[in-house]
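Chemist: Got a structure for you, upload.cif, holding mmCIF, C-alpha atoms.
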```cif
data_final
#
loop_
_atom_site.label_atom_id
_atom_site.label_comp_id
_atom_site.auth_asym_id
_atom_site.auth_seq_id
_atom_site.Cartn_x
_atom_site.Cartn_y
_atom_site.Cartn_z
CA MET Z 163 77.56 90.67 -10.71
CA LEU Z 164 80.37 89.93 -8.27
CA SER Z 165 83.94 89.31 -9.28
CA ASN Z 166 86.13 86.77 -7.53
CA GLU Z 167 87.84 89.57 -5.60
CA ILE Z 168 85.25 90.99 -3.18
CA VAL Z 169 86.06 94.53 -2.03
CA LEU Z 170 85.33 95.94 1.43
CA ARG Z 171 81.74 97.03 0.70
CA PRO Z 172 80.89 95.78 -2.79
CA ARG Z 173 77.77 96.98 -4.54
CA PHE Z 174 75.84 95.38 -7.35
CA GLN Z 175 72.68 95.91 -9.37
CA MET Z 176 70.44 93.45 -11.24
CA GLU Z 177 67.47 93.91 -13.50
CA ILE Z 178 64.78 91.33 -12.68
CA GLU Z 179 61.79 90.50 -14.85
CA GLN Z 180 59.36 90.08 -11.96
CA PRO Z 181 57.02 92.46 -10.20
CA CYS Z 182 58.41 93.90 -6.96
CA SER Z 183 55.60 92.36 -4.94
CA GLN Z 184 56.46 88.88 -6.25
CA LEU Z 185 60.14 89.33 -5.37
CA LEU Z 186 59.30 90.58 -1.87
CA ALA Z 187 56.95 87.60 -1.43
CA ARG Z 188 59.77 85.22 -2.38
CA PHE Z 189 61.98 86.66 0.35
CA SER Z 190 59.09 86.56 2.82
CA ASP Z 191 58.55 82.86 2.01
CA ALA Z 192 62.31 82.20 2.31
CA LYS Z 193 62.29 83.87 5.72
CA LYS Z 194 59.68 81.40 6.95
CA SER Z 195 60.97 78.26 5.23
CA GLN Z 196 64.60 78.31 6.40
CA ASN Z 197 66.60 79.19 9.53
CA LYS Z 198 70.12 79.54 8.12
CA PHE Z 199 69.73 83.31 7.58
CA VAL Z 200 67.87 86.14 9.27
CA VAL Z 201 65.80 88.07 6.72
CA SER Z 202 64.32 91.43 7.71
CA CYS Z 203 62.12 93.55 5.48
CA VAL Z 204 61.37 97.24 5.86
CA ASP Z 205 59.30 98.61 2.95
CA ASP Z 206 61.40 97.85 -0.17
CA HIS Z 207 64.61 97.19 1.78
CA LEU Z 208 65.76 93.69 2.72
CA PHE Z 209 68.50 92.87 5.20
CA ILE Z 210 69.98 89.37 5.17
CA LYS Z 211 72.46 88.25 7.80
CA LEU Z 212 73.64 85.20 9.67
CA PRO Z 213 71.86 84.20 12.91
CA ASN Z 214 73.36 85.68 16.09
CA ASN Z 215 74.85 82.36 17.23
CA GLN Z 216 76.88 82.12 13.98
CA GLN Z 217 78.05 85.73 13.83
CA HIS Z 218 81.54 86.93 14.62
CA PHE Z 219 82.95 90.46 14.83
CA TRP Z 220 83.49 90.71 11.05
CA SER Z 221 80.30 88.92 9.94
CA PRO Z 222 78.86 90.48 6.78
CA GLN Z 223 75.30 91.36 6.03
CA LEU Z 224 73.56 91.97 2.72
CA HIS Z 225 71.34 95.01 2.19
CA LEU Z 226 69.00 94.85 -0.81
CA GLU Z 227 66.76 97.58 -2.18
CA ILE Z 228 64.04 96.65 -4.64
CA ILE Z 229 63.09 99.49 -6.98
CA GLU Z 230 60.06 99.16 -9.25
CA LYS Z 231 60.78 99.94 -12.92
CA ASP Z 232 57.36 99.04 -14.29
CA GLU Z 233 54.61 96.63 -13.28
CA ASN Z 234 56.50 93.54 -14.53
CA SER Z 235 60.13 94.34 -13.74
CA CYS Z 236 62.26 95.79 -11.00
CA SER Z 237 65.82 96.70 -10.19
CA LEU Z 238 67.59 94.96 -7.32
CA GLN Z 239 70.39 97.03 -5.80
CA GLY Z 240 72.50 95.54 -3.07
CA PHE Z 241 75.66 95.91 -1.08
CA PHE Z 242 77.58 93.84 1.41
CA GLY Z 243 79.00 95.30 4.57
CA PRO Z 244 79.88 94.52 8.13
CA ASN Z 245 77.50 95.13 11.00
CA PRO Z 246 76.70 98.89 10.95
CA THR Z 247 78.04 99.28 14.50
CA VAL Z 248 81.38 97.71 13.51
CA TRP Z 249 81.54 99.85 10.35
CA THR Z 250 80.84 103.06 12.32
CA MET Z 251 83.49 102.23 14.92
CA PHE Z 252 86.02 101.37 12.23
CA MET Z 253 85.41 104.64 10.34
CA PHE Z 254 85.49 106.62 13.60
CA LEU Z 255 88.93 105.19 14.43
CA HIS Z 256 90.26 106.04 10.95
CA VAL Z 257 88.98 109.62 11.19
CA ALA Z 258 90.28 110.02 14.76
CA VAL Z 259 93.78 108.86 13.77
CA GLY Z 260 93.73 111.25 10.78
CA ILE Z 261 92.63 114.24 12.86
CA LEU Z 262 95.16 113.47 15.60
CA PHE Z 263 97.88 113.19 12.96
CA MET Z 264 96.99 116.62 11.52
CA VAL Z 265 96.88 118.23 14.99
CA ASN Z 266 100.22 116.64 15.85
CA ALA Z 267 101.73 117.80 12.53
CA THR Z 268 100.66 121.38 13.32
CA TRP Z 269 102.17 121.11 16.81
CA LEU Z 270 105.37 119.64 15.37
CA TYR Z 271 105.64 122.43 12.75
CA SER Z 272 105.09 125.14 15.38
CA ASN Z 273 107.72 123.72 17.72
CA TYR Z 274 110.18 123.24 14.85
CA ASN Z 275 109.80 126.90 13.75
CA LEU Z 276 110.19 128.09 17.34
CA GLY Z 277 113.35 126.04 17.76
CA ASN Z 278 111.85 123.89 20.51
CA PRO Z 279 112.55 120.14 20.80
CA ILE Z 280 110.30 118.02 18.57
CA ASP Z 281 111.11 114.53 19.88
CA LEU Z 282 107.69 114.06 21.47
CA GLN Z 283 105.82 115.16 18.33
CA VAL Z 284 107.91 112.88 16.09
CA GLY Z 285 107.22 109.96 18.46
CA ILE Z 286 103.48 110.68 18.37
CA ALA Z 287 103.57 110.90 14.55
CA VAL Z 288 105.30 107.51 14.31
CA PHE Z 289 102.77 106.01 16.74
CA LEU Z 290 99.83 107.38 14.70
CA VAL Z 291 101.26 106.04 11.43
CA LEU Z 292 101.68 102.63 13.08
CA ALA Z 293 98.09 102.83 14.39
CA TRP Z 294 96.82 103.56 10.87
CA ILE Z 295 98.81 100.60 9.47
CA LEU Z 296 97.33 98.38 12.22
CA LEU Z 297 93.81 99.54 11.28
CA TYR Z 298 94.54 98.78 7.62
CA PHE Z 299 95.65 95.22 8.39
CA ALA Z 300 92.71 94.71 10.77
CA GLY Z 301 90.35 95.72 7.94
CA ALA Z 302 92.12 93.38 5.49
CA MET Z 303 91.88 90.54 8.03
CA GLY Z 304 88.17 91.25 8.59
CA LYS Z 305 87.55 91.31 4.85
CA LYS Z 306 89.24 87.93 4.46
CA LYS Z 307 87.37 86.45 7.44
CA GLY Z 308 83.99 87.73 6.19
CA LYS Z 309 84.42 86.61 2.56
CA PRO Z 310 82.90 83.10 2.96
CA GLY Z 311 79.85 84.62 4.67
CA MET Z 312 79.44 87.09 1.81
CA TRP Z 313 79.34 84.26 -0.69
CA GLU Z 314 76.79 82.37 1.45
CA LEU Z 315 74.55 85.46 1.54
CA TYR Z 316 74.95 86.05 -2.19
CA ASN Z 317 74.12 82.42 -3.05
CA PHE Z 318 71.06 82.51 -0.76
CA MET Z 319 69.88 85.69 -2.51
CA MET Z 320 70.38 84.14 -5.97
CA GLU Z 321 68.51 80.95 -4.99
CA THR Z 322 65.64 83.03 -3.61
CA ILE Z 323 65.16 85.26 -6.66
CA GLN Z 324 65.29 82.40 -9.20
#
```
Can I see the file as structure tokens?
Modeler:
Amino acid sequence: MLSNEIVLRPRFQMEIEQPCSQLLARFSDAKKSQNKFVVSCVDDHLFIKLPNNQQHFWSPQLHLEIIEKDENSCSLQGFFGPNPTVWTMFMFLHVAVGILFMVNATWLYSNYNLGNPIDLQVGIAVFLVLAWILLYFAGAMGKKKGKPGMWELYNFMMETIQ
């Protein structure tokens, strides 16, 4: 299952001795009988998240996929992650910093070989490294801030399937 140290987007898999339809029905019943979590179902995919009024920028959500093994058992595959919009923005910023660093390194190398001053390129390289470090610490902070919510979602899932 989950270890005590939750990684940025942890994944897990469980084998459940119930038919898929019964498991989906349990989540459908849980959706109607409580208001602490928002449960959405699309085919065999379930999305569990906190209500909008309780969400913050780093709020996690749980994505579950129920895969039928045979008529009396199924496999539950899940992963935690931030809001997809936040995750996309975060990955975009990482990629943008990386690409800008490579472009700047090429510019720096060209100017160095031509004997031109490289002060500007070195300054940009230092700025980009600092930006990457800032993104790293922002991700670590978000992971720490979202950890209690991940455990709430996990415990809700475990209560629902048992």
Chemist: Considering all atoms listed in the file, tabulate each residue of region 197-269 of chain Z that lies at most 9 Å from region 280-292 of chain Z along with its nearest interatomic pair and the corresponding distance in Å to one decimal; arrange the rows by chain and ascending residue number and present them as JSON lines.
Modeler:
```
{"residue": "Z:Val259", "atom": "CA", "partner": "Z:Leu290", "partner_atom": "CA", "distance": 6.3}
{"residue": "Z:Gly260", "atom": "CA", "partner": "Z:Leu290", "partner_atom": "CA", "distance": 8.2}
{"residue": "Z:Leu262", "atom": "CA", "partner": "Z:Leu290", "partner_atom": "CA", "distance": 7.7}
{"residue": "Z:Phe263", "atom": "CA", "partner": "Z:Ala287", "partner_atom": "CA", "distance": 6.3}
{"residue": "Z:Asn266", "atom": "CA", "partner": "Z:Gln283", "partner_atom": "CA", "distance": 6.3}
{"residue": "Z:Ala267", "atom": "CA", "partner": "Z:Ala287", "partner_atom": "CA", "distance": 7.4}
{"residue": "Z:Trp269", "atom": "CA", "partner": "Z:Gln283", "partner_atom": "CA", "distance": 7.1}
```
Chemist: What is the distance, in Å and to one decimal place, between CA of Pro246 (chain Z) and CA of Pro181 (chain Z)?
Modeler: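 Distance reported for this atom pair: 29.6 Å.
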Chemist: As a list in words, please: the residues near Gly240 (chain Z) (cut-off 7 Å, all atoms listed in the file, same-chain neighbours under 4 positions excluded).
Modeler: Arg173, Phe174, Gln175, Leu224, His225, Leu226 and Glu227 of chain Z
Chemist: Given the file shown, determine the residues that the PyMOL selection byres ((chain Z and resi 244) around 9) selects; report them as a list in words.
Modeler: Leu170, Arg171, Phe219, Trp220, Ser221, Pro222, Gln223, Leu224, Phe242, Gly243, Asn245, Pro246, Thr247, Val248, Trp249, Gly304, Lys305 and Gly308 of chain Z
Chemist: Nearest to Pro310 (chain Z): which of Z:Leu186, Z:Leu212, Z:Ser202, Z:Ser235 is it, counting only C-alpha atoms?
Modeler: Z:Leu212
Chemist: Rounded to one decimal place, report the CA of Tyr316 (chain Z)-CA of Ile178 (chain Z) distance in Å.
Modeler: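 Straight-line distance from CA of Tyr316 (chain Z) to CA of Ile178 (chain Z) works out to 15.5 Å.
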Chemist: Return region 289-308 of chain Z, completed with N, CA and C atoms, as a PDB file, in the coordinates of the input.
Modeler:
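Written output follows (selection_12.pdb):
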```
ATOM      1  N   PHE Z 289     103.812 106.828  16.124  1.00  0.00           N
ATOM      2  CA  PHE Z 289     102.770 106.010  16.740  1.00  0.00           C
ATOM      3  C   PHE Z 289     101.476 106.060  15.930  1.00  0.00           C
ATOM      4  N   LEU Z 290     101.073 107.247  15.462  1.00  0.00           N
ATOM      5  CA  LEU Z 290      99.830 107.380  14.700  1.00  0.00           C
ATOM      6  C   LEU Z 290      99.921 106.683  13.345  1.00  0.00           C
ATOM      7  N   VAL Z 291     101.077 106.749  12.701  1.00  0.00           N
ATOM      8  CA  VAL Z 291     101.260 106.040  11.430  1.00  0.00           C
ATOM      9  C   VAL Z 291     101.149 104.523  11.675  1.00  0.00           C
ATOM     10  N   LEU Z 292     101.771 104.048  12.742  1.00  0.00           N
ATOM     11  CA  LEU Z 292     101.680 102.630  13.080  1.00  0.00           C
ATOM     12  C   LEU Z 292     100.230 102.228  13.400  1.00  0.00           C
ATOM     13  N   ALA Z 293      99.500 103.109  14.079  1.00  0.00           N
ATOM     14  CA  ALA Z 293      98.090 102.830  14.390  1.00  0.00           C
ATOM     15  C   ALA Z 293      97.280 102.731  13.103  1.00  0.00           C
ATOM     16  N   TRP Z 294      97.544 103.610  12.132  1.00  0.00           N
ATOM     17  CA  TRP Z 294      96.820 103.560  10.870  1.00  0.00           C
ATOM     18  C   TRP Z 294      97.148 102.261  10.124  1.00  0.00           C
ATOM     19  N   ILE Z 295      98.416 101.850  10.119  1.00  0.00           N
ATOM     20  CA  ILE Z 295      98.810 100.600   9.470  1.00  0.00           C
ATOM     21  C   ILE Z 295      98.107  99.414  10.154  1.00  0.00           C
ATOM     22  N   LEU Z 296      98.028  99.436  11.476  1.00  0.00           N
ATOM     23  CA  LEU Z 296      97.330  98.380  12.220  1.00  0.00           C
ATOM     24  C   LEU Z 296      95.850  98.342  11.830  1.00  0.00           C
ATOM     25  N   LEU Z 297      95.213  99.505  11.707  1.00  0.00           N
ATOM     26  CA  LEU Z 297      93.810  99.540  11.280  1.00  0.00           C
ATOM     27  C   LEU Z 297      93.650  98.977   9.867  1.00  0.00           C
ATOM     28  N   TYR Z 298      94.595  99.287   8.990  1.00  0.00           N
ATOM     29  CA  TYR Z 298      94.540  98.780   7.620  1.00  0.00           C
ATOM     30  C   TYR Z 298      94.578  97.245   7.621  1.00  0.00           C
ATOM     31  N   PHE Z 299      95.535  96.678   8.360  1.00  0.00           N
ATOM     32  CA  PHE Z 299      95.650  95.220   8.390  1.00  0.00           C
ATOM     33  C   PHE Z 299      94.471  94.565   9.110  1.00  0.00           C
ATOM     34  N   ALA Z 300      93.911  95.240  10.101  1.00  0.00           N
ATOM     35  CA  ALA Z 300      92.710  94.710  10.770  1.00  0.00           C
ATOM     36  C   ALA Z 300      91.552  94.668   9.780  1.00  0.00           C
ATOM     37  N   GLY Z 301      91.402  95.704   8.958  1.00  0.00           N
ATOM     38  CA  GLY Z 301      90.350  95.720   7.940  1.00  0.00           C
ATOM     39  C   GLY Z 301      90.559  94.627   6.895  1.00  0.00           C
ATOM     40  N   ALA Z 302      91.820  94.436   6.469  1.00  0.00           N
ATOM     41  CA  ALA Z 302      92.120  93.380   5.490  1.00  0.00           C
ATOM     42  C   ALA Z 302      91.816  92.004   6.081  1.00  0.00           C
ATOM     43  N   MET Z 303      92.153  91.814   7.365  1.00  0.00           N
ATOM     44  CA  MET Z 303      91.880  90.540   8.030  1.00  0.00           C
ATOM     45  C   MET Z 303      90.361  90.304   8.127  1.00  0.00           C
ATOM     46  N   GLY Z 304      89.629  91.353   8.489  1.00  0.00           N
ATOM     47  CA  GLY Z 304      88.170  91.250   8.590  1.00  0.00           C
ATOM     48  C   GLY Z 304      87.532  90.939   7.252  1.00  0.00           C
ATOM     49  N   LYS Z 305      88.050  91.568   6.194  1.00  0.00           N
ATOM     50  CA  LYS Z 305      87.550  91.310   4.850  1.00  0.00           C
ATOM     51  C   LYS Z 305      87.753  89.843   4.481  1.00  0.00           C
ATOM     52  N   LYS Z 306      88.929  89.332   4.779  1.00  0.00           N
ATOM     53  CA  LYS Z 306      89.240  87.930   4.460  1.00  0.00           C
ATOM     54  C   LYS Z 306      88.360  86.987   5.290  1.00  0.00           C
ATOM     55  N   LYS Z 307      88.165  87.316   6.566  1.00  0.00           N
ATOM     56  CA  LYS Z 307      87.370  86.450   7.440  1.00  0.00           C
ATOM     57  C   LYS Z 307      85.885  86.490   7.065  1.00  0.00           C
ATOM     58  N   GLY Z 308      85.406  87.606   6.539  1.00  0.00           N
ATOM     59  CA  GLY Z 308      83.990  87.730   6.190  1.00  0.00           C
ATOM     60  C   GLY Z 308      83.649  87.256   4.785  1.00  0.00           C
TER      61      GLY Z 308
END
```
